>>> print(open('data-v2.txt').read())   # compact mmCIF, C-alpha atoms
# COMPACT_ATOMS: atom_id res chain seq x y z
CA MET A 1 -74.67 74.02 -23.92
CA ASN A 2 -71.56 72.34 -25.47
CA GLN A 3 -70.93 68.71 -24.63
CA ARG A 4 -67.31 67.83 -23.98
CA GLY A 5 -65.73 64.34 -24.28
CA PRO A 6 -63.82 62.64 -21.49
CA LYS A 7 -60.74 64.54 -20.38
CA ILE A 8 -57.50 63.07 -21.73
CA PRO A 9 -55.06 62.36 -18.90
CA PRO A 10 -51.66 64.04 -19.22
CA VAL A 11 -48.56 61.98 -19.96
CA VAL A 12 -46.24 61.95 -16.96
CA VAL A 13 -42.76 60.48 -17.49
CA THR A 14 -40.52 59.69 -14.54
CA ASP A 15 -36.77 60.27 -14.66
CA ALA A 16 -36.10 56.53 -15.03
CA GLN A 17 -38.65 56.22 -17.84
CA ARG A 18 -37.21 59.28 -19.59
CA ALA A 19 -33.73 57.77 -19.49
CA VAL A 20 -35.06 54.58 -21.12
CA LEU A 21 -36.98 56.46 -23.81
CA GLU A 22 -34.13 58.82 -24.65
CA GLY A 23 -31.77 55.83 -24.81
CA TRP A 24 -34.04 54.16 -27.38
CA VAL A 25 -34.09 57.35 -29.42
CA ARG A 26 -30.31 57.82 -29.43
CA ARG A 27 -29.18 54.20 -29.79
CA ARG A 28 -28.31 53.29 -33.38
CA SER A 29 -29.27 49.65 -32.94
CA THR A 30 -32.84 50.52 -31.86
CA ALA A 31 -35.57 49.59 -34.31
CA GLN A 32 -36.94 52.67 -36.10
CA ALA A 33 -40.49 51.89 -34.99
CA LEU A 34 -39.52 51.77 -31.32
CA ALA A 35 -37.51 55.00 -31.64
CA GLN A 36 -40.50 56.77 -33.19
CA ARG A 37 -42.84 55.57 -30.42
CA SER A 38 -40.39 56.89 -27.85
CA ARG A 39 -40.39 60.30 -29.58
CA ILE A 40 -44.20 60.34 -29.47
CA VAL A 41 -44.25 59.81 -25.72
CA LEU A 42 -41.50 62.37 -25.08
CA GLU A 43 -43.36 64.97 -27.16
CA CYS A 44 -46.60 64.27 -25.31
CA ALA A 45 -44.78 64.54 -21.98
CA GLN A 46 -43.84 68.12 -22.91
CA GLY A 47 -47.53 69.04 -22.95
CA HIS A 48 -48.07 69.04 -26.71
CA SER A 49 -51.51 68.05 -27.97
CA ILE A 50 -52.13 64.98 -30.10
CA MET A 51 -52.58 67.08 -33.25
CA GLU A 52 -49.44 69.08 -32.56
CA VAL A 53 -47.36 65.91 -32.02
CA SER A 54 -48.85 64.49 -35.21
CA ARG A 55 -47.77 67.60 -37.12
CA ARG A 56 -44.31 67.81 -35.57
CA LEU A 57 -43.45 64.14 -36.25
CA GLY A 58 -45.32 63.81 -39.54
CA ILE A 59 -47.47 60.85 -38.48
CA ALA A 60 -51.20 60.17 -38.21
CA PRO A 61 -53.08 61.37 -35.09
CA ASP A 62 -54.41 57.85 -34.50
CA THR A 63 -50.84 56.60 -34.24
CA VAL A 64 -50.11 59.22 -31.58
CA ARG A 65 -53.27 58.23 -29.66
CA THR A 66 -52.40 54.52 -29.80
CA TRP A 67 -48.88 54.77 -28.37
CA ARG A 68 -49.83 57.51 -25.93
CA ARG A 69 -52.50 55.20 -24.51
CA ARG A 70 -50.17 52.16 -24.51
CA PHE A 71 -47.57 54.11 -22.52
CA LEU A 72 -50.15 55.30 -19.98
CA GLU A 73 -51.33 51.71 -19.49
CA ARG A 74 -47.99 49.83 -19.31
CA GLY A 75 -45.15 52.33 -19.36
CA PRO A 76 -42.11 51.79 -21.67
CA ASP A 77 -42.93 48.08 -22.00
CA GLY A 78 -46.13 49.04 -23.77
CA LEU A 79 -44.13 50.50 -26.65
CA CYS A 80 -42.60 47.13 -27.56
CA ASP A 81 -44.23 44.88 -30.12
CA GLU A 82 -46.48 42.18 -28.75
CA PRO A 83 -46.01 38.55 -29.82
CA ARG A 84 -47.63 38.00 -33.18
CA PRO A 85 -50.05 35.13 -33.77
CA GLY A 86 -48.74 32.17 -35.72
CA VAL A 87 -47.78 28.54 -35.63
CA PRO A 88 -45.83 27.76 -32.42
CA TRP A 89 -42.22 26.61 -32.69
CA LYS A 90 -42.30 22.82 -33.11
CA ILE A 91 -38.58 22.09 -32.77
CA THR A 92 -37.59 21.32 -29.21
CA ASP A 93 -34.24 21.87 -27.50
CA ALA A 94 -33.64 18.14 -27.72
CA ASP A 95 -34.06 18.30 -31.50
CA VAL A 96 -31.56 21.14 -31.72
CA GLU A 97 -29.07 19.23 -29.56
CA ARG A 98 -29.50 16.13 -31.70
CA VAL A 99 -28.68 18.07 -34.88
CA ILE A 100 -25.61 19.72 -33.32
CA VAL A 101 -24.22 16.47 -31.92
CA LYS A 102 -24.79 14.67 -35.22
CA THR A 103 -23.10 17.50 -37.14
CA LEU A 104 -20.02 17.56 -34.91
CA GLU A 105 -19.54 13.87 -34.13
CA GLU A 106 -20.86 11.90 -37.11
CA LYS A 107 -20.48 11.79 -40.88
CA PRO A 108 -22.96 10.67 -43.52
CA ALA A 109 -22.46 7.19 -44.94
CA ASN A 110 -21.89 8.33 -48.53
CA ALA A 111 -20.09 11.67 -48.13
CA THR A 112 -17.30 13.41 -46.25
CA HIS A 113 -19.54 16.09 -44.73
CA TRP A 114 -23.18 16.91 -44.09
CA SER A 115 -25.38 19.06 -46.28
CA THR A 116 -28.70 20.57 -45.23
CA ARG A 117 -30.50 17.98 -47.37
CA SER A 118 -28.64 14.96 -46.01
CA MET A 119 -29.00 16.16 -42.41
CA ALA A 120 -32.70 16.82 -42.94
CA ALA A 121 -33.15 13.29 -44.29
CA ALA A 122 -31.20 11.79 -41.37
CA THR A 123 -33.09 13.69 -38.65
CA GLY A 124 -36.57 13.90 -40.19
CA MET A 125 -36.55 17.71 -39.97
CA SER A 126 -36.97 20.26 -42.74
CA GLN A 127 -34.02 21.59 -44.69
CA SER A 128 -34.79 25.18 -43.63
CA ALA A 129 -34.82 24.14 -39.96
CA ILE A 130 -31.36 22.56 -40.32
CA SER A 131 -30.12 25.73 -42.00
CA ARG A 132 -31.46 27.92 -39.18
CA ILE A 133 -29.87 25.73 -36.49
CA TRP A 134 -26.50 25.73 -38.24
CA ARG A 135 -26.57 29.51 -38.65
CA ALA A 136 -27.50 30.00 -35.00
CA PHE A 137 -24.50 27.94 -33.83
CA ALA A 138 -22.10 29.08 -36.59
CA LEU A 139 -21.73 25.59 -38.07
CA ALA A 140 -20.68 25.28 -41.71
CA PRO A 141 -19.90 21.64 -42.65
CA HIS A 142 -19.32 22.60 -46.30
CA ARG A 143 -16.34 24.79 -45.36
CA SER A 144 -12.85 23.68 -44.37
CA GLN A 145 -9.54 25.35 -43.67
CA THR A 146 -5.96 24.13 -43.84
CA PHE A 147 -3.21 24.31 -41.24
CA LYS A 148 0.23 22.89 -40.61
CA LEU A 149 2.11 22.57 -37.35
CA SER A 150 5.86 22.85 -37.62
CA THR A 151 7.92 19.88 -36.40
CA ASP A 152 11.05 22.01 -36.01
CA PRO A 153 12.63 21.21 -32.60
CA LEU A 154 13.75 24.86 -32.38
CA PHE A 155 10.32 26.22 -33.30
CA ILE A 156 9.89 28.37 -30.17
CA ASP A 157 13.38 29.86 -30.35
CA LYS A 158 13.05 30.69 -34.05
CA VAL A 159 9.61 32.28 -33.62
CA ARG A 160 10.90 34.51 -30.82
CA ASP A 161 13.97 35.40 -32.88
CA VAL A 162 12.10 36.39 -36.06
CA VAL A 163 9.18 38.14 -34.34
CA GLY A 164 11.67 40.01 -32.16
CA LEU A 165 13.27 41.43 -35.31
CA TYR A 166 9.85 42.57 -36.55
CA LEU A 167 8.65 44.21 -33.34
CA ASP A 168 11.96 45.42 -31.87
CA PRO A 169 14.66 45.59 -34.56
CA PRO A 170 18.25 46.37 -33.53
CA GLU A 171 19.53 49.93 -33.80
CA LYS A 172 21.58 50.86 -36.86
CA ALA A 173 20.54 47.63 -38.53
CA LEU A 174 18.60 46.68 -41.64
CA VAL A 175 16.07 43.83 -41.45
CA LEU A 176 15.35 42.14 -44.81
CA CYS A 177 12.91 39.30 -45.47
CA VAL A 178 14.43 37.18 -48.24
CA ASP A 179 12.94 34.40 -50.34
CA GLU A 180 12.68 33.10 -53.88
CA LYS A 181 9.53 32.80 -55.93
CA SER A 182 10.68 29.97 -58.15
CA GLN A 183 9.25 28.53 -61.34
CA ILE A 184 7.19 31.59 -62.32
CA GLN A 185 5.60 30.43 -65.56
CA ALA A 186 5.23 32.57 -68.69
CA LEU A 187 1.72 31.51 -69.73
CA ASP A 188 -0.13 32.43 -72.90
CA ARG A 189 -3.82 31.57 -73.24
CA SER A 190 -4.69 29.24 -76.10
CA GLN A 191 -7.21 31.78 -77.40
CA PRO A 192 -7.43 35.59 -77.13
CA VAL A 193 -8.74 37.04 -73.87
CA LEU A 194 -12.22 38.53 -74.22
CA PRO A 195 -12.34 41.96 -72.55
CA MET A 196 -14.83 42.95 -69.87
CA MET A 197 -18.14 44.42 -71.01
CA PRO A 198 -21.16 45.80 -69.12
CA GLY A 199 -22.71 42.81 -67.41
CA VAL A 200 -20.01 40.42 -68.69
CA PRO A 201 -16.72 39.79 -66.81
CA GLU A 202 -13.38 39.33 -68.54
CA ARG A 203 -13.14 35.82 -69.98
CA ARG A 204 -10.17 33.66 -70.85
CA SER A 205 -9.69 30.08 -71.96
CA HIS A 206 -9.07 27.51 -69.26
CA ASP A 207 -6.07 26.04 -71.07
CA TYR A 208 -2.77 27.75 -71.77
CA VAL A 209 0.61 27.42 -73.49
CA ARG A 210 3.79 27.39 -71.41
CA ALA A 211 6.67 29.50 -72.71
CA GLY A 212 9.23 28.88 -69.95
CA THR A 213 9.95 29.82 -66.35
CA THR A 214 12.00 32.27 -64.33
CA THR A 215 12.80 32.76 -60.63
CA LEU A 216 12.45 35.99 -58.67
CA PHE A 217 14.82 36.57 -55.75
CA ALA A 218 13.39 39.27 -53.47
CA ALA A 219 14.41 41.02 -50.24
CA LEU A 220 11.69 43.04 -48.50
CA GLU A 221 12.92 45.81 -46.20
CA VAL A 222 10.68 45.52 -43.13
CA ALA A 223 10.90 49.18 -42.10
CA THR A 224 10.06 50.83 -45.44
CA GLY A 225 8.51 48.12 -47.62
CA LYS A 226 11.11 48.64 -50.35
CA VAL A 227 12.00 45.48 -52.28
CA ILE A 228 15.34 44.56 -53.81
CA GLY A 229 14.87 41.93 -56.49
CA SER A 230 16.67 40.09 -59.23
CA LEU A 231 15.63 37.53 -61.82
CA HIS A 232 17.47 34.32 -62.68
CA ARG A 233 16.58 31.45 -64.96
CA ARG A 234 17.87 28.87 -62.47
CA HIS A 235 17.51 28.42 -58.74
CA ARG A 236 20.78 27.28 -57.21
CA ALA A 237 23.26 28.36 -54.56
CA THR A 238 25.18 30.15 -57.32
CA GLU A 239 22.19 32.39 -58.09
CA PHE A 240 21.56 32.98 -54.39
CA LYS A 241 25.18 34.08 -53.93
CA LYS A 242 24.77 36.54 -56.82
CA PHE A 243 21.70 37.92 -55.08
CA LEU A 244 23.63 38.33 -51.82
CA ILE A 245 26.34 40.21 -53.71
CA LYS A 246 23.64 42.52 -55.11
CA LEU A 247 22.25 43.11 -51.63
CA ASP A 248 25.73 43.94 -50.34
CA LYS A 249 26.08 46.60 -53.04
CA GLU A 250 22.67 48.21 -52.46
CA VAL A 251 22.40 48.27 -48.65
CA PRO A 252 24.32 50.86 -46.56
CA SER A 253 27.83 49.68 -45.76
CA ASP A 254 27.82 51.06 -42.20
CA CYS A 255 24.93 49.01 -40.81
CA GLU A 256 24.32 45.42 -39.82
CA VAL A 257 22.10 43.41 -42.17
CA HIS A 258 19.72 40.80 -40.75
CA LEU A 259 18.25 38.40 -43.31
CA ILE A 260 15.13 36.39 -42.50
CA LEU A 261 14.88 33.31 -44.74
CA ASP A 262 13.58 29.76 -44.84
CA ASN A 263 15.46 26.48 -44.54
CA TYR A 264 15.94 25.85 -48.26
CA ALA A 265 19.13 23.94 -48.96
CA THR A 266 20.61 26.65 -51.22
CA HIS A 267 20.78 28.98 -48.21
CA LYS A 268 23.14 26.67 -46.30
CA THR A 269 25.64 25.38 -48.84
CA PRO A 270 29.41 25.69 -48.25
CA VAL A 271 29.57 28.39 -50.93
CA ILE A 272 27.10 30.56 -49.03
CA LYS A 273 28.74 29.90 -45.67
CA LYS A 274 32.12 30.91 -47.10
CA TRP A 275 30.66 34.15 -48.47
CA LEU A 276 29.06 34.96 -45.13
CA LEU A 277 32.38 34.50 -43.34
CA ALA A 278 33.85 37.15 -45.64
CA HIS A 279 30.89 39.48 -44.90
CA PRO A 280 30.41 39.37 -41.11
CA HIS A 281 27.87 42.24 -41.12
CA PHE A 282 25.33 39.84 -42.70
CA HIS A 283 23.38 37.77 -40.17
CA LEU A 284 20.96 34.98 -41.12
CA HIS A 285 17.78 34.21 -39.17
CA PHE A 286 15.89 31.10 -40.26
CA THR A 287 12.15 30.63 -39.93
CA PRO A 288 10.98 27.30 -38.47
CA THR A 289 10.55 24.38 -40.87
CA GLY A 290 7.17 24.53 -42.59
CA SER A 291 6.48 28.06 -41.37
CA SER A 292 6.84 30.28 -44.41
CA TRP A 293 3.94 32.40 -43.07
CA LEU A 294 6.48 33.91 -40.66
CA ASN A 295 8.37 35.53 -43.54
CA LEU A 296 6.84 38.88 -44.52
CA VAL A 297 8.14 38.67 -48.08
CA GLU A 298 5.55 35.94 -48.68
CA ARG A 299 2.89 38.60 -48.20
CA TRP A 300 4.56 40.67 -50.90
CA PHE A 301 4.65 37.63 -53.19
CA ALA A 302 0.89 37.30 -52.65
CA GLU A 303 0.44 40.89 -53.86
CA LEU A 304 2.53 40.14 -56.94
CA THR A 305 0.56 36.99 -57.71
CA SER A 306 -2.90 38.50 -57.32
CA LYS A 307 -2.19 41.78 -59.11
CA LYS A 308 0.20 40.72 -61.87
CA LEU A 309 0.72 37.01 -62.39
CA ARG A 310 -2.59 35.19 -61.93
CA ARG A 311 -4.38 36.93 -64.81
CA GLY A 312 -1.30 37.91 -66.76
CA VAL A 313 -0.61 36.75 -70.31
CA HIS A 314 3.02 36.37 -71.43
CA ARG A 315 4.16 34.82 -74.68
CA SER A 316 7.82 34.56 -73.68
CA VAL A 317 10.03 34.50 -70.62
CA GLN A 318 11.51 37.83 -71.71
CA ALA A 319 8.06 39.43 -71.68
CA LEU A 320 7.38 37.98 -68.23
CA GLU A 321 10.67 39.31 -66.88
CA ARG A 322 10.00 42.79 -68.34
CA ASP A 323 6.66 42.84 -66.57
CA LEU A 324 8.25 41.73 -63.29
CA HIS A 325 10.92 44.42 -63.52
CA ALA A 326 8.26 47.06 -64.27
CA TRP A 327 6.06 45.92 -61.38
CA LEU A 328 9.03 45.95 -58.99
CA ALA A 329 10.04 49.47 -60.07
CA ASP A 330 6.46 50.69 -59.70
CA TRP A 331 6.23 49.20 -56.20
CA ASN A 332 9.46 50.89 -55.08
CA GLU A 333 8.21 54.30 -56.24
CA ASN A 334 5.62 54.11 -53.47
CA PRO A 335 6.62 51.23 -51.16
CA ARG A 336 4.12 50.11 -48.53
CA PRO A 337 5.49 48.24 -45.52
CA PHE A 338 3.60 45.33 -43.99
CA THR A 339 3.17 45.76 -40.24
CA TRP A 340 3.58 42.71 -38.03
CA THR A 341 1.22 42.87 -35.03
CA LYS A 342 1.31 39.49 -33.27
CA THR A 343 3.78 38.94 -30.46
CA ALA A 344 5.67 35.67 -30.10
CA ASP A 345 3.63 34.76 -27.02
CA GLU A 346 0.35 35.24 -28.91
CA ILE A 347 1.58 33.01 -31.73
CA LEU A 348 2.78 30.29 -29.37
CA ASP A 349 -0.47 30.39 -27.40
CA LYS A 350 -2.46 29.88 -30.59
CA VAL A 351 -0.24 26.98 -31.64
CA ALA A 352 -0.71 25.44 -28.19
CA THR A 353 -4.47 25.70 -28.63
CA TYR A 354 -4.27 23.79 -31.92
CA CYS A 355 -2.11 21.12 -30.34
CA LYS A 356 -4.68 20.55 -27.60
CA ARG A 357 -7.37 19.97 -30.23
CA ILE A 358 -5.31 17.32 -32.03
CA SER A 359 -5.13 13.90 -30.41
CA ASP A 360 -1.67 12.33 -30.27
CA SER A 361 -0.07 15.43 -31.78
CA GLY A 362 3.26 14.79 -30.06
CA HIS A 363 3.89 18.53 -29.59
>>> encode(input="data-v2.txt", output="structure tokens")
Amino acid sequence: MNQRGPKIPPVVVTDAQRAVLEGWVRRRSTAQALAQRSRIVLECAQGHSIMEVSRRLGIAPDTVRTWRRRFLERGPDGLCDEPRPGVPWKITDADVERVIVKTLEEKPANATHWSTRSMAAATGMSQSAISRIWRAFALAPHRSQTFKLSTDPLFIDKVRDVVGLYLDPPEKALVLCVDEKSQIQALDRSQPVLPMMPGVPERRSHDYVRAGTTTLFAALEVATGKVIGSLHRRHRATEFKKFLIKLDKEVPSDCEVHLILDNYATHKTPVIKKWLLAHPHFHLHFTPTGSSWLNLVERWFAELTSKKLRRGVHRSVQALERDLHAWLADWNENPRPFTWTKTADEILDKVATYCKRISDSGH
């Protein structure tokens, strides 16, 4: 007579439990181990034997038995990992609060900001504990950012004016962002540049030889990204007038031209005002004082600097100007406009938030 072992109870999954298990299987953020355990239970609930589930999922039969039993005993909670043995957490909430308050409200006696080592020495905690606390609360004393609030009394009006041109330009009008990148230096390294090699980046000497400077006048068309530019050795109202004359020749004669520029003195001289009176289809819109970030052409200048000037080597001003002309022509073959997304209200709300964080700001 054959002896049989104890009968294995079937796995019964309720609708609520099935929804939880299937959610763990489908969710991308679920740990792989938990997803696999959920598959085991769902397969067993379909009436498959332990050996068949083992074969279908490619895992050991003992693994199937373990999680099948855990589910029968405690349901879906039994599939989660139990707390592992180890040393209990010794840092209390008061310790965490003390570190945060010290980080935000105090400075070390011999430095401008805390480091993990100096904070550990000041609090009697380990350096790794300080690092974990700072990461948990997104504190980074070693980092800093810069900002500048405009003191222009017409700041709000100018922001609304310029942003309005970006987001809702007038019909049959051309919006150009105009500025000068002055004092572009033709720099030659004191020694030859060593080219990049596998495992070795390009290397250049830290010192350089100046060969002269030039100034780039540029007008970025907001709608298309096309740039009209000209180079001049000097940066005066005379050169700016020449640039305006060039713009007048290159833009369509039957449309209004709106120029967005900063408050540089060369833009407001009597010579420029006289020229504008003779060309009434040109309209000037000034950005607030100290707010060059509002001029989109500055973003184009950043592209020029990072891709051409910062690592460029030029032995003469003529070579620098040839490179600038070539880069400008290449850009205009496939112009890429910069899209402004922030509304004036969003900008002003953010500025108001900064003002509230500054004591005695006067804004």
>>> residues_around(input="data-v2.txt", residues="stretch 91-95 of chain A", least_positions_apart="6", cutoff="12 Å", atoms="only C-alpha atoms", output="list in words")
Val101, Lys102, Ala120, Thr123, Gly124, Met125, Ser126, Ser128, Ala129, Ile130, Arg132 and Ile133 of chain A
>>> atom_distance(input="data-v2.txt", atom1="atom CA of A:Lys158", atom2="atom CA of A:Lys172")
22.1 Å
>>> closest_atom_pairs(input="data-v2.txt", of="stretch 113-159 of chain A", to="stretch 293-303 of chain A", cutoff="12 Å", atoms="only C-alpha atoms", output="CSV")
residue,atom,partner,partner_atom,distance
A:Phe147,CA,A:Trp293,CA,11.0
A:Lys148,CA,A:Trp293,CA,10.5
A:Leu149,CA,A:Trp293,CA,11.5
A:Ser150,CA,A:Trp293,CA,11.2
A:Phe155,CA,A:Leu294,CA,11.3
A:Lys158,CA,A:Leu294,CA,9.9
A:Val159,CA,A:Leu294,CA,7.9
>>> write_last_selection(input="data-v2.txt", atoms="C-alpha atoms", output="short mmCIF file (atom, residue, chain, number, x, y, z; two decimals), in the coordinates of the input")
data_model
loop_
_atom_site.label_atom_id
_atom_site.label_comp_id
_atom_site.auth_asym_id
_atom_site.auth_seq_id
_atom_site.Cartn_x
_atom_site.Cartn_y
_atom_site.Cartn_z
CA PHE A 147 -3.21 24.31 -41.24
CA LYS A 148 0.23 22.89 -40.61
CA LEU A 149 2.11 22.57 -37.35
CA SER A 150 5.86 22.85 -37.62
CA PHE A 155 10.32 26.22 -33.30
CA LYS A 158 13.05 30.69 -34.05
CA VAL A 159 9.61 32.28 -33.62
#
>>> atom_distance(input="data-v2.txt", atom1="atom CA of A:His258", atom2="atom CA of A:Ala173")
7.2 Å
>>> residues_around(input="data-v2.txt", residues="A:Asp188", least_positions_apart="5", cutoff="8 Å", atoms="all atoms listed in the file", output="mmCIF file with C-alpha atoms, keeping the file's coordinate frame")
data_model
loop_
_atom_site.group_PDB
_atom_site.id
_atom_site.type_symbol
_atom_site.label_atom_id
_atom_site.label_comp_id
_atom_site.auth_asym_id
_atom_site.auth_seq_id
_atom_site.Cartn_x
_atom_site.Cartn_y
_atom_site.Cartn_z
ATOM 1 C CA TYR A 208 -2.770 27.750 -71.770
ATOM 2 C CA VAL A 209 0.610 27.420 -73.490
ATOM 3 C CA ARG A 210 3.790 27.390 -71.410
ATOM 4 C CA ALA A 211 6.670 29.500 -72.710
ATOM 5 C CA VAL A 313 -0.610 36.750 -70.310
ATOM 6 C CA HIS A 314 3.020 36.370 -71.430
ATOM 7 C CA ARG A 315 4.160 34.820 -74.680
#
>>> residues_around(input="data-v2.txt", residues="A:Pro280", least_positions_apart="3", cutoff="10 Å", atoms="only C-alpha atoms", output="ChimeraX atom specification")
/A:256-257,275-277,283
>>> residues_around(input="data-v2.txt", residues="A:Trp134", least_positions_apart="6", cutoff="10 Å", atoms="all atoms listed in the file", output="mmCIF file with C-alpha atoms, keeping the file's coordinate frame")
data_model
loop_
_atom_site.group_PDB
_atom_site.id
_atom_site.type_symbol
_atom_site.label_atom_id
_atom_site.label_comp_id
_atom_site.auth_asym_id
_atom_site.auth_seq_id
_atom_site.Cartn_x
_atom_site.Cartn_y
_atom_site.Cartn_z
ATOM 1 C CA VAL A 96 -31.560 21.140 -31.720
ATOM 2 C CA VAL A 99 -28.680 18.070 -34.880
ATOM 3 C CA ILE A 100 -25.610 19.720 -33.320
ATOM 4 C CA THR A 103 -23.100 17.500 -37.140
ATOM 5 C CA THR A 116 -28.700 20.570 -45.230
ATOM 6 C CA SER A 128 -34.790 25.180 -43.630
ATOM 7 C CA ALA A 140 -20.680 25.280 -41.710
ATOM 8 C CA PRO A 141 -19.900 21.640 -42.650
#
